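Raw contents of start15.txt, compact mmCIF, N, CA and C atoms:
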# COMPACT_ATOMS: atom_id res chain seq x y z
N MET O 622 0.82 -1.19 0.00
CA MET O 622 0.00 0.00 0.00
C MET O 622 0.87 1.26 0.00
N ASP O 623 2.04 1.23 0.62
CA ASP O 623 2.90 2.41 0.67
C ASP O 623 3.30 2.88 -0.72
N PHE O 624 3.50 1.94 -1.63
CA PHE O 624 3.90 2.30 -2.99
C PHE O 624 2.87 3.20 -3.65
N PHE O 625 1.60 2.99 -3.37
CA PHE O 625 0.51 3.72 -4.01
C PHE O 625 0.05 4.94 -3.20
N LYS O 626 0.64 5.18 -2.05
CA LYS O 626 0.16 6.21 -1.13
C LYS O 626 0.03 7.59 -1.80
N GLU O 627 1.00 7.98 -2.61
CA GLU O 627 0.96 9.29 -3.26
C GLU O 627 -0.22 9.41 -4.21
N PHE O 628 -0.49 8.35 -4.98
CA PHE O 628 -1.63 8.36 -5.90
C PHE O 628 -2.95 8.39 -5.14
N LEU O 629 -3.03 7.64 -4.08
CA LEU O 629 -4.28 7.50 -3.34
C LEU O 629 -4.62 8.75 -2.53
N ALA O 630 -3.67 9.64 -2.33
CA ALA O 630 -3.92 10.87 -1.58
C ALA O 630 -4.95 11.75 -2.27
N ASP O 631 -5.12 11.60 -3.58
CA ASP O 631 -6.06 12.42 -4.35
C ASP O 631 -7.49 11.90 -4.34
N VAL O 632 -7.73 10.75 -3.73
CA VAL O 632 -9.07 10.18 -3.71
C VAL O 632 -9.95 11.04 -2.80
N PRO O 633 -11.06 11.58 -3.32
CA PRO O 633 -11.91 12.46 -2.52
C PRO O 633 -12.69 11.70 -1.46
N ASP O 634 -13.09 12.42 -0.44
CA ASP O 634 -13.92 11.86 0.62
C ASP O 634 -15.38 12.16 0.29
N SER O 635 -16.21 11.13 0.25
CA SER O 635 -17.60 11.36 -0.17
C SER O 635 -18.57 11.43 0.99
N GLY O 636 -18.24 10.81 2.08
CA GLY O 636 -19.27 10.61 3.10
C GLY O 636 -20.16 9.46 2.61
N PHE O 637 -20.91 8.87 3.49
CA PHE O 637 -21.72 7.72 3.07
C PHE O 637 -23.05 8.19 2.49
N SER O 638 -23.33 7.72 1.29
CA SER O 638 -24.56 8.08 0.60
C SER O 638 -24.85 7.00 -0.42
N GLU O 639 -26.11 6.65 -0.57
CA GLU O 639 -26.45 5.54 -1.47
C GLU O 639 -26.34 5.90 -2.94
N ASP O 640 -26.24 7.20 -3.29
CA ASP O 640 -26.19 7.57 -4.69
C ASP O 640 -24.77 7.87 -5.18
N LYS O 641 -23.76 7.48 -4.43
CA LYS O 641 -22.37 7.70 -4.82
C LYS O 641 -21.85 6.44 -5.51
N LEU O 642 -21.52 6.57 -6.78
CA LEU O 642 -21.01 5.44 -7.56
C LEU O 642 -19.63 5.77 -8.09
N CYS O 643 -18.80 4.74 -8.23
CA CYS O 643 -17.46 4.93 -8.76
C CYS O 643 -17.08 3.72 -9.61
N ASP O 644 -16.73 3.99 -10.87
CA ASP O 644 -16.22 2.95 -11.76
C ASP O 644 -14.73 3.14 -11.90
N ILE O 645 -13.97 2.08 -11.68
CA ILE O 645 -12.52 2.12 -11.83
C ILE O 645 -12.16 1.24 -13.01
N TYR O 646 -11.46 1.82 -13.97
CA TYR O 646 -11.12 1.12 -15.21
C TYR O 646 -9.62 0.84 -15.29
N VAL O 647 -9.29 -0.36 -15.76
CA VAL O 647 -7.93 -0.69 -16.18
C VAL O 647 -8.00 -0.77 -17.69
N GLN O 648 -7.20 0.03 -18.37
CA GLN O 648 -7.31 0.11 -19.82
C GLN O 648 -5.96 0.43 -20.45
N ARG O 649 -5.86 0.13 -21.72
CA ARG O 649 -4.66 0.47 -22.47
C ARG O 649 -4.72 1.93 -22.88
N ILE O 650 -3.60 2.61 -22.74
CA ILE O 650 -3.48 3.99 -23.19
C ILE O 650 -2.38 4.00 -24.25
N PHE O 651 -2.78 4.28 -25.48
CA PHE O 651 -1.85 4.24 -26.60
C PHE O 651 -1.13 5.57 -26.74
N GLU O 652 0.19 5.50 -26.86
CA GLU O 652 0.98 6.70 -27.07
C GLU O 652 0.78 7.24 -28.48
N ASN O 653 0.62 6.32 -29.43
CA ASN O 653 0.38 6.68 -30.82
C ASN O 653 -0.74 5.77 -31.32
N PRO O 654 -1.90 6.31 -31.66
CA PRO O 654 -3.04 5.47 -32.06
C PRO O 654 -2.76 4.57 -33.26
N GLU O 655 -1.77 4.91 -34.06
CA GLU O 655 -1.45 4.09 -35.24
C GLU O 655 -0.54 2.92 -34.89
N ASP O 656 0.09 2.96 -33.74
CA ASP O 656 0.99 1.88 -33.30
C ASP O 656 0.33 1.17 -32.12
N THR O 657 -0.40 0.11 -32.41
CA THR O 657 -1.17 -0.59 -31.37
C THR O 657 -0.33 -1.51 -30.50
N LYS O 658 0.97 -1.58 -30.74
CA LYS O 658 1.83 -2.43 -29.92
C LYS O 658 2.51 -1.65 -28.79
N ARG O 659 2.44 -0.33 -28.84
CA ARG O 659 3.08 0.50 -27.82
C ARG O 659 1.99 1.19 -27.00
N PHE O 660 1.90 0.78 -25.76
CA PHE O 660 0.90 1.36 -24.87
C PHE O 660 1.33 1.21 -23.42
N LYS O 661 0.65 1.93 -22.56
CA LYS O 661 0.80 1.78 -21.12
C LYS O 661 -0.55 1.37 -20.56
N TRP O 662 -0.54 0.87 -19.35
CA TRP O 662 -1.79 0.51 -18.67
C TRP O 662 -2.21 1.68 -17.80
N GLY O 663 -3.43 2.15 -18.00
CA GLY O 663 -3.95 3.26 -17.22
C GLY O 663 -4.99 2.79 -16.23
N VAL O 664 -5.05 3.47 -15.11
CA VAL O 664 -6.10 3.26 -14.12
C VAL O 664 -6.88 4.57 -14.03
N SER O 665 -8.14 4.50 -14.44
CA SER O 665 -8.98 5.69 -14.51
C SER O 665 -10.19 5.54 -13.60
N VAL O 666 -10.72 6.68 -13.19
CA VAL O 666 -11.87 6.72 -12.30
C VAL O 666 -12.96 7.58 -12.93
N MET O 667 -14.18 7.08 -12.86
CA MET O 667 -15.37 7.87 -13.20
C MET O 667 -16.25 7.85 -11.95
N ARG O 668 -16.48 9.03 -11.39
CA ARG O 668 -17.21 9.16 -10.13
C ARG O 668 -18.53 9.87 -10.39
N PHE O 669 -19.61 9.27 -9.91
CA PHE O 669 -20.97 9.78 -10.14
C PHE O 669 -21.68 10.07 -8.83
N THR O 670 -22.54 11.07 -8.88
CA THR O 670 -23.54 11.29 -7.84
C THR O 670 -24.88 11.17 -8.55
N GLY O 671 -25.58 10.09 -8.27
CA GLY O 671 -26.80 9.80 -9.04
C GLY O 671 -26.43 9.61 -10.50
N ASP O 672 -27.08 10.34 -11.39
CA ASP O 672 -26.78 10.25 -12.82
C ASP O 672 -25.76 11.28 -13.28
N ASN O 673 -25.29 12.13 -12.38
CA ASN O 673 -24.37 13.21 -12.75
C ASN O 673 -22.92 12.77 -12.61
N LEU O 674 -22.15 12.96 -13.67
CA LEU O 674 -20.72 12.67 -13.64
C LEU O 674 -20.03 13.78 -12.85
N GLU O 675 -19.38 13.41 -11.76
CA GLU O 675 -18.68 14.38 -10.92
C GLU O 675 -17.22 14.51 -11.31
N GLU O 676 -16.62 13.39 -11.73
CA GLU O 676 -15.19 13.41 -12.03
C GLU O 676 -14.86 12.26 -12.96
N ALA O 677 -13.97 12.52 -13.89
CA ALA O 677 -13.43 11.46 -14.75
C ALA O 677 -11.97 11.80 -15.00
N LYS O 678 -11.09 10.92 -14.55
CA LYS O 678 -9.67 11.19 -14.77
C LYS O 678 -8.87 9.90 -14.67
N THR O 679 -7.70 9.94 -15.27
CA THR O 679 -6.74 8.85 -15.15
C THR O 679 -5.86 9.15 -13.95
N LEU O 680 -5.83 8.23 -13.01
CA LEU O 680 -5.05 8.44 -11.79
C LEU O 680 -3.57 8.14 -11.99
N ALA O 681 -3.27 7.10 -12.78
CA ALA O 681 -1.88 6.69 -12.95
C ALA O 681 -1.74 5.82 -14.19
N THR O 682 -0.53 5.76 -14.73
CA THR O 682 -0.22 4.84 -15.82
C THR O 682 0.96 3.98 -15.41
N PHE O 683 0.96 2.77 -15.92
CA PHE O 683 1.99 1.79 -15.57
C PHE O 683 2.46 1.07 -16.83
N ASN O 684 3.69 0.61 -16.81
CA ASN O 684 4.21 -0.22 -17.90
C ASN O 684 3.81 -1.68 -17.72
N ASN O 685 3.41 -2.03 -16.52
CA ASN O 685 3.13 -3.41 -16.16
C ASN O 685 1.65 -3.60 -15.84
N TYR O 686 1.00 -4.57 -16.48
CA TYR O 686 -0.43 -4.83 -16.27
C TYR O 686 -0.74 -5.20 -14.82
N LYS O 687 0.06 -6.09 -14.24
CA LYS O 687 -0.21 -6.56 -12.88
C LYS O 687 -0.14 -5.40 -11.89
N LEU O 688 0.81 -4.53 -12.07
CA LEU O 688 0.92 -3.37 -11.19
C LEU O 688 -0.31 -2.46 -11.33
N ALA O 689 -0.76 -2.25 -12.56
CA ALA O 689 -1.97 -1.44 -12.80
C ALA O 689 -3.19 -2.09 -12.14
N LEU O 690 -3.32 -3.39 -12.28
CA LEU O 690 -4.46 -4.09 -11.69
C LEU O 690 -4.41 -4.03 -10.16
N ASP O 691 -3.22 -4.21 -9.59
CA ASP O 691 -3.07 -4.12 -8.13
C ASP O 691 -3.45 -2.72 -7.64
N PHE O 692 -3.01 -1.70 -8.37
CA PHE O 692 -3.36 -0.33 -8.01
C PHE O 692 -4.86 -0.10 -8.11
N ALA O 693 -5.48 -0.61 -9.18
CA ALA O 693 -6.93 -0.46 -9.37
C ALA O 693 -7.69 -1.10 -8.21
N LYS O 694 -7.23 -2.23 -7.74
CA LYS O 694 -7.88 -2.90 -6.60
C LYS O 694 -7.77 -2.06 -5.33
N LYS O 695 -6.61 -1.42 -5.14
CA LYS O 695 -6.43 -0.55 -3.97
C LYS O 695 -7.33 0.68 -4.08
N VAL O 696 -7.43 1.25 -5.28
CA VAL O 696 -8.31 2.40 -5.49
C VAL O 696 -9.75 2.01 -5.20
N LYS O 697 -10.15 0.83 -5.66
CA LYS O 697 -11.52 0.34 -5.41
C LYS O 697 -11.77 0.23 -3.90
N GLU O 698 -10.80 -0.31 -3.20
CA GLU O 698 -10.92 -0.47 -1.75
C GLU O 698 -11.06 0.89 -1.05
N VAL O 699 -10.25 1.86 -1.47
CA VAL O 699 -10.29 3.19 -0.86
C VAL O 699 -11.64 3.85 -1.10
N PHE O 700 -12.13 3.79 -2.35
CA PHE O 700 -13.43 4.39 -2.65
C PHE O 700 -14.56 3.68 -1.90
N SER O 701 -14.47 2.37 -1.79
CA SER O 701 -15.49 1.61 -1.03
C SER O 701 -15.50 2.06 0.43
N ASN O 702 -14.32 2.24 1.00
CA ASN O 702 -14.21 2.68 2.40
C ASN O 702 -14.72 4.10 2.60
N LYS O 703 -14.76 4.89 1.54
CA LYS O 703 -15.24 6.27 1.62
C LYS O 703 -16.73 6.38 1.29
N GLY O 704 -17.40 5.23 1.15
CA GLY O 704 -18.84 5.24 0.99
C GLY O 704 -19.35 5.12 -0.43
N TYR O 705 -18.49 4.85 -1.38
CA TYR O 705 -18.91 4.69 -2.77
C TYR O 705 -19.28 3.24 -3.07
N GLU O 706 -20.26 3.06 -3.92
CA GLU O 706 -20.53 1.76 -4.52
C GLU O 706 -19.56 1.66 -5.69
N THR O 707 -18.62 0.73 -5.65
CA THR O 707 -17.53 0.71 -6.63
C THR O 707 -17.56 -0.52 -7.51
N TYR O 708 -17.07 -0.33 -8.73
CA TYR O 708 -16.99 -1.41 -9.71
C TYR O 708 -15.65 -1.34 -10.42
N LEU O 709 -14.99 -2.48 -10.54
CA LEU O 709 -13.74 -2.58 -11.29
C LEU O 709 -14.09 -3.04 -12.69
N LYS O 710 -13.68 -2.27 -13.70
CA LYS O 710 -14.07 -2.54 -15.09
C LYS O 710 -12.87 -2.44 -16.01
N GLY O 711 -13.13 -2.67 -17.29
CA GLY O 711 -12.08 -2.54 -18.29
C GLY O 711 -11.46 -3.87 -18.62
N GLU O 712 -10.16 -3.86 -18.85
CA GLU O 712 -9.45 -5.07 -19.25
C GLU O 712 -8.99 -5.82 -18.00
N ILE O 713 -9.93 -6.50 -17.40
CA ILE O 713 -9.68 -7.25 -16.17
C ILE O 713 -9.59 -8.72 -16.54
N ASP O 714 -8.41 -9.28 -16.38
CA ASP O 714 -8.18 -10.67 -16.77
C ASP O 714 -8.07 -11.53 -15.52
N GLU O 715 -9.23 -11.83 -14.91
CA GLU O 715 -9.22 -12.65 -13.70
C GLU O 715 -10.23 -13.75 -13.83

Could you rewrite the structure in this file as structure tokens?
Amino acid sequence: MDFFKEFLADVPDSGFSEDKLCDIYVQRIFENPEDTKRFKWGVSVMRFTGDNLEEAKTLATFNNYKLALDFAKKVKEVFSNKGYETYLKGEIDE
């Protein structure tokens, strides 16, 4: 968890509410759209209050898929602990 501490510091505090949703995505981020062999793994968050999108951003990029997936799981845990209904999505190979 210490490795990800700097990234996780930006996770907002929601308070507990039933209409707080958070989707965490693991996805490929291509440096050049024409070169599909060169990419990094991104971990992105889409945060909703009801039907309203509150935030959408990429939290971090990694060269390694496993590291990105581990980070995404930690982000999911943090958002869950802050009262969000969370879902891990994207290229999840489990």

- Could you jot down the atom C of Phe669 in chain O to CA of Lys641 in chain O separation for me, Å, one decimal place?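 Computing the Euclidean distance for atom C of Phe669 in chain O and CA of Lys641 in chain O yields 4.7 Å.
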
- Note on the structure: Of O:Thr707, O:Glu712, O:Val699, O:Tyr686, the one sitting nearest Lys661 in chain O when using all atoms listed in the file is O:Tyr686

- Message: Would you compute the distance between atom C of Lys658 in chain O and atom N of Lys697 in chain O? Give it in Å to one decimal.
- Response: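 Between atom C of Lys658 in chain O and atom N of Lys697 in chain O the gap works out to 26.5 Å.
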
- Task: List the neighbours of Lys710 in chain O out to 5 Å using only N, CA and C atoms; skip same-chain residues closer than 4 positions along the sequence, and give me the result as a ChimeraX atom specification.
- Result: /O:645-647

Using N, CA and C atoms, can you export the residues from the last selection as a PDB file, in the coordinates of the input?
ATOM      1  N   ILE O 645     -13.970   2.080 -11.680  1.00  0.00           N
ATOM      2  CA  ILE O 645     -12.520   2.120 -11.830  1.00  0.00           C
ATOM      3  C   ILE O 645     -12.160   1.240 -13.010  1.00  0.00           C
ATOM      4  N   TYR O 646     -11.460   1.820 -13.970  1.00  0.00           N
ATOM      5  CA  TYR O 646     -11.120   1.120 -15.210  1.00  0.00           C
ATOM      6  C   TYR O 646      -9.620   0.840 -15.290  1.00  0.00           C
ATOM      7  N   VAL O 647      -9.290  -0.360 -15.760  1.00  0.00           N
ATOM      8  CA  VAL O 647      -7.930  -0.690 -16.180  1.00  0.00           C
ATOM      9  C   VAL O 647      -8.000  -0.770 -17.690  1.00  0.00           C
TER      10      VAL O 647
END

- Query: Between atom N of Trp662 in chain O and CA of Asn685 in chain O, what is the spacing in Å?
  - Reply: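 According to the coordinates, CA of Asn685 in chain O and atom N of Trp662 in chain O are separated by 6.5 Å.
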
- Message: Could you pull out the strand (DSSP E) residues of range 663-699 of chain O, going by DSSP on the backbone, and write them as a list in words?
- Response: Gly663, Val664, Ser665, Val666, Met667, Arg668, Phe669, Thr670, Asn673, Leu674, Glu675, Glu676, Ala677, Lys678, Thr679, Leu680, Ala681, Thr682 and Phe683 of chain O

- For Cys643 in chain O, which residue among O:Met667, O:Thr657, O:Gly704, O:Lys687 is the nearest when counting only C-alpha atoms?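 Looking at the shortest contact to Cys643 in chain O, the residue is O:Met667.
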
- Query: Taking into account only C-alpha atoms, which residue in the set O:Ala677, O:Thr682, O:Glu698, O:Leu642 is nearest to Phe660 in chain O?
  - Reply: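 Among the listed residues, the smallest separation from Phe660 in chain O belongs to O:Thr682.
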
Put a box with edges along x, y and z around all the listed atoms of range 656-673 of chain O, pad it by 5 Å on each side, then give me its centre and sizes in Å, one decimal, as JSON.
{"center_x": -12.0, "center_y": 5.4, "center_z": -20.8, "size_x": 40.2, "size_y": 25.6, "size_z": 35.9}

- Message: Counting all atoms listed in the file, which residue out of O:Gly711, O:Thr670, O:Glu675, O:Val664 sits closest to Phe692 in chain O?
- Response: O:Val664
